[in-house]
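Visitor: For reference, this is model-v2.cif, and it has mmCIF, C-alpha atoms.
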```cif
data_coords
#
loop_
_atom_site.label_atom_id
_atom_site.label_comp_id
_atom_site.auth_asym_id
_atom_site.auth_seq_id
_atom_site.Cartn_x
_atom_site.Cartn_y
_atom_site.Cartn_z
CA MET A 93 9.58 41.43 -24.43
CA ASP A 94 10.85 39.00 -21.80
CA GLU A 95 9.94 40.55 -18.42
CA THR A 96 12.57 38.46 -16.65
CA ALA A 97 15.32 40.22 -18.60
CA GLU A 98 14.48 43.43 -16.72
CA ILE A 99 15.45 42.16 -13.27
CA PRO A 100 18.74 40.84 -11.89
CA VAL A 101 18.61 37.11 -11.18
CA THR A 102 20.84 34.51 -9.60
CA ARG A 103 21.34 30.84 -10.37
CA ASP A 104 21.18 28.80 -7.19
CA ALA A 105 21.05 25.17 -6.08
CA ILE A 106 18.94 23.46 -3.43
CA LEU A 107 18.76 19.85 -2.24
CA GLY A 108 22.54 19.59 -2.23
CA GLY A 109 22.71 20.61 -5.89
CA ARG A 110 19.95 18.28 -7.09
CA VAL A 111 17.68 21.17 -8.09
CA THR A 112 18.81 24.35 -9.87
CA LEU A 113 16.80 27.56 -9.67
CA ILE A 114 16.95 30.88 -11.46
CA GLN A 115 15.37 33.39 -9.10
CA PRO A 116 15.29 37.14 -8.49
CA GLU A 117 18.36 38.54 -6.79
CA ARG A 118 16.06 40.53 -4.49
CA GLY A 119 12.64 39.75 -3.08
CA HIS A 120 11.15 36.40 -2.17
CA ARG A 121 13.74 33.63 -2.56
CA ALA A 122 13.52 29.88 -2.03
CA GLY A 123 14.43 28.63 1.43
CA HIS A 124 13.91 25.78 3.87
CA ASP A 125 10.10 26.12 3.78
CA ALA A 126 9.92 25.08 0.12
CA VAL A 127 12.13 22.03 0.65
CA LEU A 128 10.23 20.92 3.77
CA LEU A 129 6.95 21.34 1.92
CA ALA A 130 8.15 19.18 -0.97
CA ALA A 131 9.43 16.51 1.41
CA ALA A 132 6.01 16.21 3.06
CA VAL A 133 3.92 15.60 -0.09
CA PRO A 134 2.80 11.92 -0.24
CA ALA A 135 2.88 11.83 -4.05
CA GLY A 136 3.37 8.65 -6.06
CA PRO A 137 4.74 8.03 -9.55
CA ASP A 138 2.68 9.40 -12.46
CA GLU A 139 0.36 11.44 -10.26
CA ARG A 140 -0.92 14.91 -11.14
CA VAL A 141 0.35 17.59 -8.77
CA LEU A 142 -0.53 21.27 -8.48
CA ASP A 143 1.52 23.92 -6.64
CA LEU A 144 -0.58 26.92 -5.57
CA GLY A 145 1.46 30.11 -5.27
CA SER A 146 4.51 28.38 -6.69
CA GLY A 147 6.96 31.26 -6.96
CA VAL A 148 9.84 30.12 -9.18
CA GLY A 149 8.92 26.47 -8.56
CA ALA A 150 11.32 25.48 -5.77
CA ALA A 151 8.91 23.16 -3.94
CA ALA A 152 7.43 21.66 -7.11
CA PHE A 153 10.79 20.83 -8.65
CA ALA A 154 12.19 19.50 -5.37
CA LEU A 155 9.22 17.12 -5.27
CA ALA A 156 9.73 16.17 -8.92
CA ARG A 157 13.35 15.30 -8.15
CA ARG A 158 12.17 12.79 -5.52
CA VAL A 159 9.12 11.35 -7.34
CA PRO A 160 8.65 10.79 -11.12
CA LEU A 161 5.41 12.74 -11.35
CA GLY A 162 2.98 12.45 -14.21
CA PHE A 163 2.24 16.14 -14.64
CA LEU A 164 2.93 19.38 -12.75
CA THR A 165 0.75 22.50 -12.75
CA LEU A 166 2.12 25.65 -11.14
CA VAL A 167 -0.14 28.59 -10.29
CA GLU A 168 1.60 31.92 -9.65
CA ILE A 169 0.21 35.47 -9.58
CA ASP A 170 3.50 37.28 -10.36
CA PRO A 171 4.23 37.14 -14.12
CA ILE A 172 7.99 37.48 -13.62
CA LEU A 173 8.12 34.58 -11.15
CA ALA A 174 5.89 32.54 -13.47
CA ARG A 175 8.29 33.05 -16.38
CA LEU A 176 11.20 32.03 -14.18
CA ALA A 177 9.25 28.93 -13.11
CA GLU A 178 8.87 27.97 -16.78
CA ALA A 179 12.62 28.38 -17.27
CA ASN A 180 13.31 26.34 -14.14
CA ALA A 181 11.04 23.51 -15.31
CA ALA A 182 13.17 23.14 -18.42
CA LEU A 183 16.38 23.56 -16.43
CA ASN A 184 15.38 20.67 -14.15
CA GLY A 185 14.27 18.32 -16.91
CA VAL A 186 10.50 18.51 -16.40
CA GLY A 187 9.56 21.18 -18.93
CA ASP A 188 7.65 18.69 -21.06
CA ARG A 189 5.31 17.80 -18.19
CA THR A 190 4.93 21.18 -16.49
CA ARG A 191 2.39 23.93 -17.09
CA VAL A 192 2.62 27.35 -15.42
CA ILE A 193 -0.59 29.38 -15.07
CA ILE A 194 -0.50 33.08 -14.19
CA MET A 195 -3.43 33.43 -11.81
CA ASP A 196 -4.30 34.50 -8.30
CA ALA A 197 -4.47 31.29 -6.25
CA ARG A 198 -7.55 32.75 -4.53
CA ALA A 199 -9.48 33.17 -7.80
CA ARG A 200 -13.15 32.26 -7.84
CA GLY A 201 -14.73 29.46 -9.88
CA SER A 202 -15.21 31.17 -13.23
CA MET A 203 -11.62 32.38 -13.29
CA ARG A 204 -10.36 28.90 -12.44
CA GLU A 205 -12.30 27.44 -15.35
CA ARG A 206 -11.07 30.10 -17.79
CA SER A 207 -7.48 29.47 -16.70
CA GLY A 208 -7.75 25.83 -17.73
CA LEU A 209 -7.24 24.24 -14.31
CA LEU A 210 -8.13 20.55 -14.17
CA LEU A 211 -11.02 20.70 -11.72
CA GLY A 212 -11.54 17.55 -9.65
CA GLN A 213 -8.66 15.73 -11.32
CA ILE A 214 -5.52 16.58 -9.30
CA ASP A 215 -4.03 13.97 -6.97
CA ARG A 216 -1.94 16.27 -4.75
CA VAL A 217 -1.90 19.98 -4.03
CA LEU A 218 1.01 21.65 -2.27
CA THR A 219 1.09 25.24 -1.15
CA ASN A 220 3.05 27.71 0.92
CA PRO A 221 0.41 30.45 1.17
CA PRO A 222 1.24 33.97 2.42
CA PHE A 223 0.61 33.73 6.14
CA HIS A 224 1.77 36.95 7.79
CA ASP A 225 -1.22 39.12 8.69
CA ALA A 226 -0.91 42.36 6.71
CA ALA A 227 -2.58 44.25 9.57
CA ARG A 228 -0.01 43.12 12.14
CA HIS A 229 3.27 42.87 10.18
CA ARG A 230 5.24 45.52 8.34
CA GLY A 231 5.65 44.40 4.74
CA SER A 232 8.91 44.31 2.84
CA PRO A 233 9.57 47.37 0.65
CA GLN A 234 10.25 44.89 -2.19
CA PRO A 235 6.88 44.24 -3.91
CA GLY A 236 7.51 40.58 -4.79
CA ARG A 237 8.58 39.70 -1.27
CA ARG A 238 5.63 41.58 0.22
CA LEU A 239 3.18 39.78 -2.08
CA ALA A 240 4.62 36.39 -1.13
CA HIS A 241 4.57 36.96 2.63
CA LEU A 242 1.59 39.14 3.56
CA ALA A 243 -1.97 37.86 3.65
CA GLY A 244 -5.35 39.46 4.01
CA ASP A 245 -8.17 37.91 6.00
CA ASP A 246 -9.38 35.76 3.11
CA ALA A 247 -6.00 34.53 1.81
CA LEU A 248 -5.94 31.10 3.42
CA ALA A 249 -9.62 30.43 2.73
CA GLY A 250 -9.10 31.41 -0.90
CA PHE A 251 -6.16 29.05 -1.33
CA LEU A 252 -8.16 26.23 0.25
CA ARG A 253 -11.19 26.86 -1.96
CA THR A 254 -9.01 26.46 -5.02
CA ALA A 255 -7.31 23.36 -3.60
CA VAL A 256 -10.65 21.66 -2.94
CA SER A 257 -11.91 22.52 -6.42
CA VAL A 258 -8.98 20.93 -8.25
CA LEU A 259 -8.46 17.83 -6.09
CA ARG A 260 -10.09 14.53 -6.91
CA PRO A 261 -12.11 12.86 -4.10
CA GLY A 262 -9.57 11.50 -1.63
CA GLY A 263 -6.79 13.69 -3.03
CA SER A 264 -4.50 15.35 -0.53
CA LEU A 265 -3.34 18.83 0.39
CA THR A 266 0.11 19.53 1.82
CA MET A 267 0.80 22.96 3.26
CA ILE A 268 3.34 24.74 5.43
CA HIS A 269 2.03 27.39 7.78
CA ARG A 270 2.98 29.47 10.80
CA ALA A 271 2.83 27.57 14.08
CA ASP A 272 1.28 30.21 16.33
CA GLN A 273 -2.28 30.13 14.93
CA PRO A 274 -3.34 26.47 14.77
CA GLU A 275 -6.94 27.27 15.65
CA ALA A 276 -7.36 29.52 12.60
CA LEU A 277 -5.69 26.92 10.39
CA LEU A 278 -7.93 24.09 11.58
CA ALA A 279 -11.03 26.27 11.25
CA ALA A 280 -10.15 27.03 7.62
CA LEU A 281 -9.67 23.32 6.85
CA ARG A 282 -12.89 22.20 8.57
CA GLY A 283 -15.64 21.14 6.19
CA ARG A 284 -13.22 20.84 3.28
CA PHE A 285 -10.58 18.41 4.54
CA GLY A 286 -10.19 15.70 7.16
CA ALA A 287 -7.48 13.27 8.31
CA VAL A 288 -5.45 16.38 9.11
CA THR A 289 -1.92 15.76 10.39
CA LEU A 290 0.17 18.51 11.94
CA ARG A 291 3.95 18.17 12.22
CA PRO A 292 5.62 20.99 14.19
CA VAL A 293 8.99 22.27 12.97
CA HIS A 294 11.39 23.48 15.69
CA PRO A 295 14.60 25.43 15.03
CA ARG A 296 16.26 23.76 18.06
CA PRO A 297 15.20 21.13 20.63
CA SER A 298 14.21 23.67 23.30
CA SER A 299 12.63 26.21 20.93
CA PRO A 300 8.92 26.63 20.21
CA ALA A 301 7.74 25.46 16.82
CA ILE A 302 8.02 28.05 14.06
CA ARG A 303 6.13 26.15 11.35
CA LEU A 304 3.45 23.50 10.99
CA ILE A 305 3.61 21.04 8.11
CA VAL A 306 0.05 20.07 7.31
CA ASN A 307 -1.36 17.13 5.37
CA ALA A 308 -5.09 16.72 4.83
CA VAL A 309 -7.43 14.63 2.67
CA LYS A 310 -10.33 16.04 0.68
CA GLY A 311 -13.66 14.80 1.97
CA SER A 312 -12.27 12.74 4.85
CA ARG A 313 -13.95 12.79 8.26
CA ALA A 314 -10.99 11.32 10.16
CA PRO A 315 -9.78 13.32 13.17
CA VAL A 316 -6.73 15.53 13.57
CA THR A 317 -3.39 13.92 14.46
CA ILE A 318 -0.36 15.73 15.86
CA LEU A 319 2.87 14.05 14.74
CA PRO A 320 6.31 14.13 16.37
CA GLY A 321 8.14 17.37 15.64
CA LEU A 322 11.01 17.90 13.25
CA VAL A 323 14.03 19.62 14.84
CA LEU A 324 16.27 21.45 12.38
CA GLN A 325 19.36 21.97 14.56
CA ASP A 326 20.69 20.36 17.72
CA ALA A 327 21.62 22.32 20.85
CA THR A 328 25.06 23.14 19.39
CA GLY A 329 23.61 24.61 16.20
CA ARG A 330 24.47 21.67 13.94
CA THR A 331 21.87 20.42 11.48
CA THR A 332 20.18 17.27 12.78
CA PRO A 333 20.57 14.07 10.73
CA GLU A 334 16.86 14.03 9.83
CA ALA A 335 16.91 17.65 8.67
CA GLU A 336 20.14 17.07 6.75
CA ALA A 337 18.59 14.14 4.90
CA ILE A 338 15.57 16.25 3.93
CA LEU A 339 17.26 19.57 3.13
CA ARG A 340 20.35 18.31 1.31
CA GLU A 341 19.62 14.74 0.20
CA GLY A 342 15.99 15.06 -0.88
CA ALA A 343 14.57 12.54 1.58
CA ALA A 344 10.84 12.36 2.24
CA LEU A 345 9.52 13.65 5.55
#
```
As structure tokens, how would this structure be written, given the file I've shared?
Guide:
Amino acid sequence: MDETAEIPVTRDAILGGRVTLIQPERGHRAGHDAVLLAAAVPAGPDERVLDLGSGVGAAAFALARRVPLGFLTLVEIDPILARLAEANAALNGVGDRTRVIIMDARARGSMRERSGLLLGQIDRVLTNPPFHDAARHRGSPQPGRRLAHLAGDDALAGFLRTAVSVLRPGGSLTMIHRADQPEALLAALRGRFGAVTLRPVHPRPSSPAIRLIVNAVKGSRAPVTILPGLVLQDATGRTTPEAEAILREGAAL
């Protein structure tokens, strides 16, 4: 039986209509984070890309719209979201070069091998890991949304362990994370990744950053760089030209 038939879904568009998504009517739904994440991935044509914790595939398929990727692997723990991701791959014309694996992104080595992940062969990993501390934040009553947003102590480390295991030497990780805990983020990356760049994302010019867009290279020893911030709206509440180009036109960040 098709599990997705048991839940109400909507058909939505992102990137100004360039990407179409079938997603649950309730629960975790694609938003700006997925599009910003896709825009920040430095992928080239024909590369192998893996999305850890992909949901219905919003970030992966936004990236595939910008770059003619060689092959996409999506890892998602929720079977319903995974089935929707498979449907969305076909809907966006990349079904023949997309594989969706139902697996916890924090799985240990033996589970990764049994799942068929290409260890040490991926060019780019992108991920939007759950980053709200379950001990400090009240979770959504909707299970899918709660699973996507709340993290235990080992969540980030688990995602990074998997990312390191699948990336080739010199391959890169792109991640979006909360902006108020940079020390924990950098500590988790240390020893696994270098050449880390942090780009703050601000809702308005005078507002503190709400997100960090992170790029890092497996095995590099280059230092951390803080890049100029991305501002989503100007002081009047209008979308800035740079954000408009990314969110609606599919431009790279």
Visitor: What separation in Å, quoted to one decimal, exists between atom CA of A:Ala126 and atom CA of A:Arg313?
Guide: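 According to the coordinates, atom CA of A:Ala126 and atom CA of A:Arg313 are separated by 28.1 Å.
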Visitor: Can you tell me which residues surround stretch 245-254 of chain A at a distance of at most 6 Å, considering all atoms listed in the file, apart from same-chain residues fewer than 3 positions away, and format the answer as an mmCIF file with C-alpha atoms, in the coordinates of the input?
Guide:
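Output (part22.cif):
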```cif
data_model
loop_
_atom_site.group_PDB
_atom_site.id
_atom_site.type_symbol
_atom_site.label_atom_id
_atom_site.label_comp_id
_atom_site.auth_asym_id
_atom_site.auth_seq_id
_atom_site.Cartn_x
_atom_site.Cartn_y
_atom_site.Cartn_z
ATOM 1 C CA ALA A 197 -4.470 31.290 -6.250
ATOM 2 C CA ARG A 198 -7.550 32.750 -4.530
ATOM 3 C CA SER A 257 -11.910 22.520 -6.420
ATOM 4 C CA ALA A 280 -10.150 27.030 7.620
#
```
Visitor: Calculated over only C-alpha atoms, which of the candidates A:Gly147, A:Gly283, A:Pro171, A:Pro274 has the smallest distance to A:Pro222?
Guide: A:Gly147
Visitor: Pick from A:Phe223, A:Asp196, A:Arg191, A:Gly329: nearest to A:Leu210, with only C-alpha atoms counted?
Guide: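 That would be A:Arg191, the residue with the smallest distance to A:Leu210.
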Visitor: In Å, with one decimal, what is the gap from atom CA of A:Pro297 to atom CA of A:Leu265?
Guide: 27.5 Å
Visitor: Which residue gives the smallest distance to A:Ala150 among A:Thr328, A:Asn307, A:Asn220, A:Gln213, with all atoms listed in the file counted?
Guide: A:Asn220
Visitor: Please produce stretch 114-132 of chain A, completed to N, CA and C atoms, as a compact mmCIF listing (two decimals), in the coordinates of the input.
Guide:
```
# COMPACT_ATOMS: atom_id res chain seq x y z
N ILE A 114 16.72 29.48 -11.13
CA ILE A 114 16.95 30.88 -11.46
C ILE A 114 15.88 31.66 -10.71
N GLN A 115 16.32 32.64 -9.90
CA GLN A 115 15.37 33.39 -9.10
C GLN A 115 15.83 34.84 -8.97
N PRO A 116 14.90 35.74 -8.62
CA PRO A 116 15.29 37.14 -8.49
C PRO A 116 16.38 37.32 -7.45
N GLU A 117 17.28 38.24 -7.74
CA GLU A 117 18.36 38.54 -6.79
C GLU A 117 17.80 39.15 -5.51
N ARG A 118 16.72 39.91 -5.65
CA ARG A 118 16.06 40.53 -4.49
C ARG A 118 14.62 40.07 -4.44
N GLY A 119 14.03 40.16 -3.24
CA GLY A 119 12.64 39.75 -3.08
C GLY A 119 12.53 38.37 -2.48
N HIS A 120 11.39 37.73 -2.74
CA HIS A 120 11.15 36.40 -2.17
C HIS A 120 12.04 35.36 -2.84
N ARG A 121 12.82 34.64 -2.04
CA ARG A 121 13.74 33.63 -2.56
C ARG A 121 13.49 32.30 -1.87
N ALA A 122 13.79 31.22 -2.56
CA ALA A 122 13.52 29.88 -2.03
C ALA A 122 14.35 29.63 -0.78
N GLY A 123 13.73 28.97 0.20
CA GLY A 123 14.43 28.63 1.43
C GLY A 123 14.00 27.27 1.96
N HIS A 124 14.22 27.06 3.25
CA HIS A 124 13.91 25.78 3.87
C HIS A 124 12.43 25.42 3.74
N ASP A 125 11.53 26.42 3.81
CA ASP A 125 10.10 26.12 3.78
C ASP A 125 9.73 25.34 2.52
N ALA A 126 10.27 25.76 1.37
CA ALA A 126 9.92 25.08 0.12
C ALA A 126 10.39 23.64 0.11
N VAL A 127 11.58 23.39 0.65
CA VAL A 127 12.13 22.03 0.65
C VAL A 127 11.35 21.15 1.64
N LEU A 128 11.02 21.68 2.79
CA LEU A 128 10.23 20.92 3.77
C LEU A 128 8.85 20.60 3.20
N LEU A 129 8.26 21.56 2.52
CA LEU A 129 6.95 21.34 1.92
C LEU A 129 7.01 20.20 0.91
N ALA A 130 8.00 20.23 0.03
CA ALA A 130 8.15 19.18 -0.97
C ALA A 130 8.35 17.81 -0.33
N ALA A 131 9.12 17.78 0.75
CA ALA A 131 9.43 16.51 1.41
C ALA A 131 8.20 15.88 2.04
N ALA A 132 7.19 16.71 2.35
CA ALA A 132 6.01 16.21 3.06
C ALA A 132 4.89 15.74 2.13
```
